[in-house]
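Notes for the one structure printed next.
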Amino acid sequence: MAQVHLRKVVKEYEGGVQAVKGIDLDIADHEFVVLVGPSGCGKSTTLRMIAGLEEISGGEIDIGGTVVNDVPPRDRDIAMVFQNYALYPHMTVYDNMAFGLTLRKFDKGEIKRRVENAAKILDIGMLLDRKPKALSGGQRQRVAMGRAIVRDPKVFLFDEPLSNLDAKLRVQMRTEIKKVHQTVRTTTVYVTHDQVEAMTLADRVVVMNHGKIEQVGPPQELYHHPKTRFVAGFIGSPSMNFIPARLEEVGSGLVVRMTDRAVLPVPAARTARYAPHVGRELLFGIRPEHLTEPHPNEHRPSIAHFEAAPEVVEPMGMETLLHFWVEGHEICARFDPAVEVAPGKLAAMAVDMDQMHLIDPKTDLVL
Amino acid sequence: MAADGTLVAGAPAAAGSGRANTMQRFARRRSTIAFLMALPLIALIGGLVVYPAGYAMWLSTLNRRMTANIGLGNFEILLDSDTFWMVIMQSCIFAVGAVIAKALIGFWLAHMLHHIPAKGQRKWRGMLLIPWVIPPALSTLGWWWMFDPSYSSINWLLNIFAVPAVPWLGEPWWARFSVILVNVWYGSPFFMIMYLAALKSVPDQLYEAAAIDGATGWQGLRYVTLPMMQNIISITVLFSLIVTFANYDIVRVLTNGGPRDLTQVFASYAFQVGILSGNLPRGAAVSLFMFPVLAVFAYFILRGINRRNKEQM
């Protein structure tokens, strides 16, 4: 097991296109780090550079105290789980899992012990004699993980391992991966475009965009304290609402004014932080879960009330999503399913201003 | 009941149209349509394959003047002839030697091509396919000039490097080597294109997984590429064995079976005996000897493919 350090890592393709633009990242021993971002953000390229499947154009990658820039994948002591599993179709499950150990000339007894142990962890003992064709998607996924576990490598690399599974199996395998990590405690780098996967699995999430790291932090920190507009919008589902607003001073306090009718007070605790930006056109950000039906017993001063008529109402079962428009911007609110709402009819809403964000539209930084 | 009455009344009239309906239904059945559409091809195969094969079998049982049936007499005479045993041996050396060389060279070429970036690949692929698209009788003529005892361009080249001239078509083993060489030159592109298609169908991620599992380039070839290509390799080898065994033009043009019938293969020998020497029945008997040999090859290769297919299901 080992630490992984990325220092100013660059990946440049022919023609000067930069897929990764000089990123720095330190991954601690035993840590589970998830690289997340939209497609084309450089997350998979970064993972493949750690694996040695892509050459590093600039910077340094260090695994367990050794700079591995020029070390071939086989000597990096890493194991990887691919999106389409990449199981050898002509080998049985046992041989698939044993292959890496056989090539490394492990003793047959030791190979058997390790494969059986991994099969036990993953509950695939009864599949060892089968060929990959005879396995379901979920079973193949387990075998791919088994192949990584038996090697007992310094680092596990996962490249979107769940994206080929159906929604139900994905949730199940997500739990499985977390369980396996808690058992084997191997340093893990996991790539996904799914922020729910990132939030649920990671010790720390690395949000990437356009080949750069936007923010690194524990899931809760990213959710509550995003540093950029991109992170604020990317983390959370449904994503955060952004409405252009003007920050104004009213008496001793501040307000955000979206329209003449929609003026919301800024909590007193944030007055000092936002004071330098008074008079500026900013973006007001609020998550749908902080835009709800009013609660009669909730008397915090930071709760502001207003009314709006939703144009679309989406009952999801555990919640109901309301969509309405303010100044041409679509806003999503998250209501308790017990509250009766109908499209076109005014509904009372409460917004928790303690959870608000103000974003500078010029720098896209959260203030 | 009225409904029953109508049915009974309608019954006699329905009997006549019933037969027409059955015919219509028969004509509309998918299997009938499929059969009718395949009929031209069946007729073609019947006329060009089944009939000549049957005729050859019948022919092989006749005497030289084709006036009497002598049963297996032609086959007995052939099996007693040293020349014929030499032809069997030469056919096997020719076919097996050429197919192995074609397979190895084709595999090597396919690998080289596979690693050329897509842009340049098409150009090279086109150029490397040229030997395969030139009519072999013509290209063999070209080779014949290059092997010519007096004006051999190959010997001229060898002389430049102070290597003594080689009697390419005059000395038995050199002549055997030469016919195989020309067949390899002609047939390798076919292997190359088949193997290239097979190589392209191996997902890159398998190589990546193998590289991470610790495989060197050779181990990747041994444990990933070859097993993944096994079926294509088998089918290509079988197909090429059949075609090479039945090869006629290269031997005919290059050596005409010589020196002393040492480069004759089944087809050229059958031509020699049947047409040139005017013994059609014995010529037919020679050509029929190819069947059992090819059947044995085909059995083992197809059995292997079947077994692997079942295993991977």
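Each chain in the structure tokens gets a letter, A, B, ..., in the order shown, and its residues are numbered from 1; ligands are numbered from 1 in order too.
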If you run DSSP on the backbone here, which positions in range 274-327 of chain A get strand (DSSP E)? Please write them as a PyMOL selection string. chain A and resi 281-286+291-292+303-308+312-315+320-326
So that I can check the surroundings of Leu222 in chain A, please list as a PyMOL selection string every protein, DNA and RNA residue that reaches within 12 Å of it, counting only C-alpha atoms and ignoring chain neighbours fewer than 2 positions away. chain A and resi 36+195+198-199+202-207+214-220+224-236+366
Run DSSP on the backbone of this structure and report the residues of range 64-114 of chain B it assigns to alpha helix (DSSP H), as a PyMOL selection string. chain B and resi 73-80+82-114
State, in Å with one decimal place, the distance from CA of Val93 in chain A to CA of Arg142 in chain A.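 CA of Arg142 in chain A lies 10.1 Å from CA of Val93 in chain A.
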Considering only C-alpha atoms, state which residue in the set B:Val273, B:Val253, B:Leu48, B:Leu206 is at the smallest distance from chain A. B:Leu206
With only C-alpha atoms considered, list every residue of chain B at most 6 Å from chain A, as a tab-separated table (two decimals) with all heavy atoms, in the first residue's frame.
```
chain	number	residue	atom	x	y	z
B	205	GLN	N	-8.36	-2.96	-24.47
B	205	GLN	CA	-8.34	-3.04	-23.00
B	205	GLN	C	-7.80	-4.37	-22.51
B	205	GLN	O	-7.27	-4.45	-21.41
B	205	GLN	CB	-9.74	-2.80	-22.45
B	205	GLN	CG	-10.13	-1.32	-22.59
B	205	GLN	CD	-11.17	-0.91	-21.59
B	205	GLN	OE1	-11.98	-1.72	-21.16
B	205	GLN	NE2	-11.17	0.35	-21.23
B	206	LEU	N	-7.93	-5.43	-23.34
B	206	LEU	CA	-7.36	-6.72	-22.93
B	206	LEU	C	-5.84	-6.62	-22.84
B	206	LEU	O	-5.22	-7.17	-21.93
B	206	LEU	CB	-7.74	-7.83	-23.91
B	206	LEU	CG	-9.17	-8.34	-23.84
B	206	LEU	CD1	-9.32	-9.59	-24.70
B	206	LEU	CD2	-9.55	-8.68	-22.41
B	211	ALA	N	-1.04	-5.86	-19.63
B	211	ALA	CA	0.15	-5.07	-19.30
B	211	ALA	C	0.17	-4.79	-17.80
B	211	ALA	O	1.22	-4.86	-17.15
B	211	ALA	CB	0.16	-3.77	-20.09
B	212	ILE	N	-0.99	-4.47	-17.24
B	212	ILE	CA	-1.06	-4.18	-15.81
B	212	ILE	C	-0.88	-5.46	-15.01
B	212	ILE	O	-0.27	-5.48	-13.95
B	212	ILE	CB	-2.40	-3.47	-15.49
B	212	ILE	CG1	-2.33	-2.04	-16.02
B	212	ILE	CG2	-2.67	-3.47	-14.00
B	212	ILE	CD1	-3.60	-1.27	-15.89
B	213	ASP	N	-1.40	-6.58	-15.55
B	213	ASP	CA	-1.23	-7.87	-14.88
B	213	ASP	C	0.23	-8.32	-14.88
B	213	ASP	O	0.57	-9.29	-14.21
B	213	ASP	CB	-2.09	-8.94	-15.56
B	213	ASP	CG	-3.46	-9.07	-14.91
B	213	ASP	OD1	-3.58	-8.67	-13.74
B	213	ASP	OD2	-4.40	-9.57	-15.56
B	214	GLY	N	1.06	-7.66	-15.68
B	214	GLY	CA	2.49	-7.97	-15.66
B	214	GLY	C	3.00	-8.63	-16.91
B	214	GLY	O	4.11	-9.18	-16.91
B	313	MET	N	-18.88	-20.44	-24.83
B	313	MET	CA	-20.28	-20.02	-24.75
B	313	MET	C	-20.66	-19.79	-23.30
B	313	MET	O	-20.21	-20.43	-22.41
B	313	MET	CB	-21.19	-21.08	-25.36
B	313	MET	CG	-21.14	-21.09	-26.87
B	313	MET	SD	-21.53	-19.53	-27.60
B	313	MET	CE	-23.23	-19.79	-27.97
```
Identify, on the basis of only C-alpha atoms, every residue whose closest approach to Ala95 in chain B does not exceed 9 Å; exclude the query and any residue fewer than 6 positions from it along the same chain; express the result as an MDAnalysis selection string. chainID B and resid 180 240:247
Take the residues just selected and output them with C-alpha atoms as a tab-separated table (two decimals), in the first residue's frame.
```tsv
chain	number	residue	atom	x	y	z
B	180	ILE	CA	6.71	-22.85	-52.26
B	240	SER	CA	-5.55	-22.15	-47.34
B	241	LEU	CA	-4.63	-25.85	-47.01
B	242	ILE	CA	-7.51	-26.77	-49.30
B	243	VAL	CA	-6.62	-24.13	-51.86
B	244	THR	CA	-2.87	-24.81	-51.70
B	245	PHE	CA	-3.37	-28.58	-51.96
B	246	ALA	CA	-5.39	-28.05	-55.10
B	247	ASN	CA	-2.91	-25.54	-56.51
```
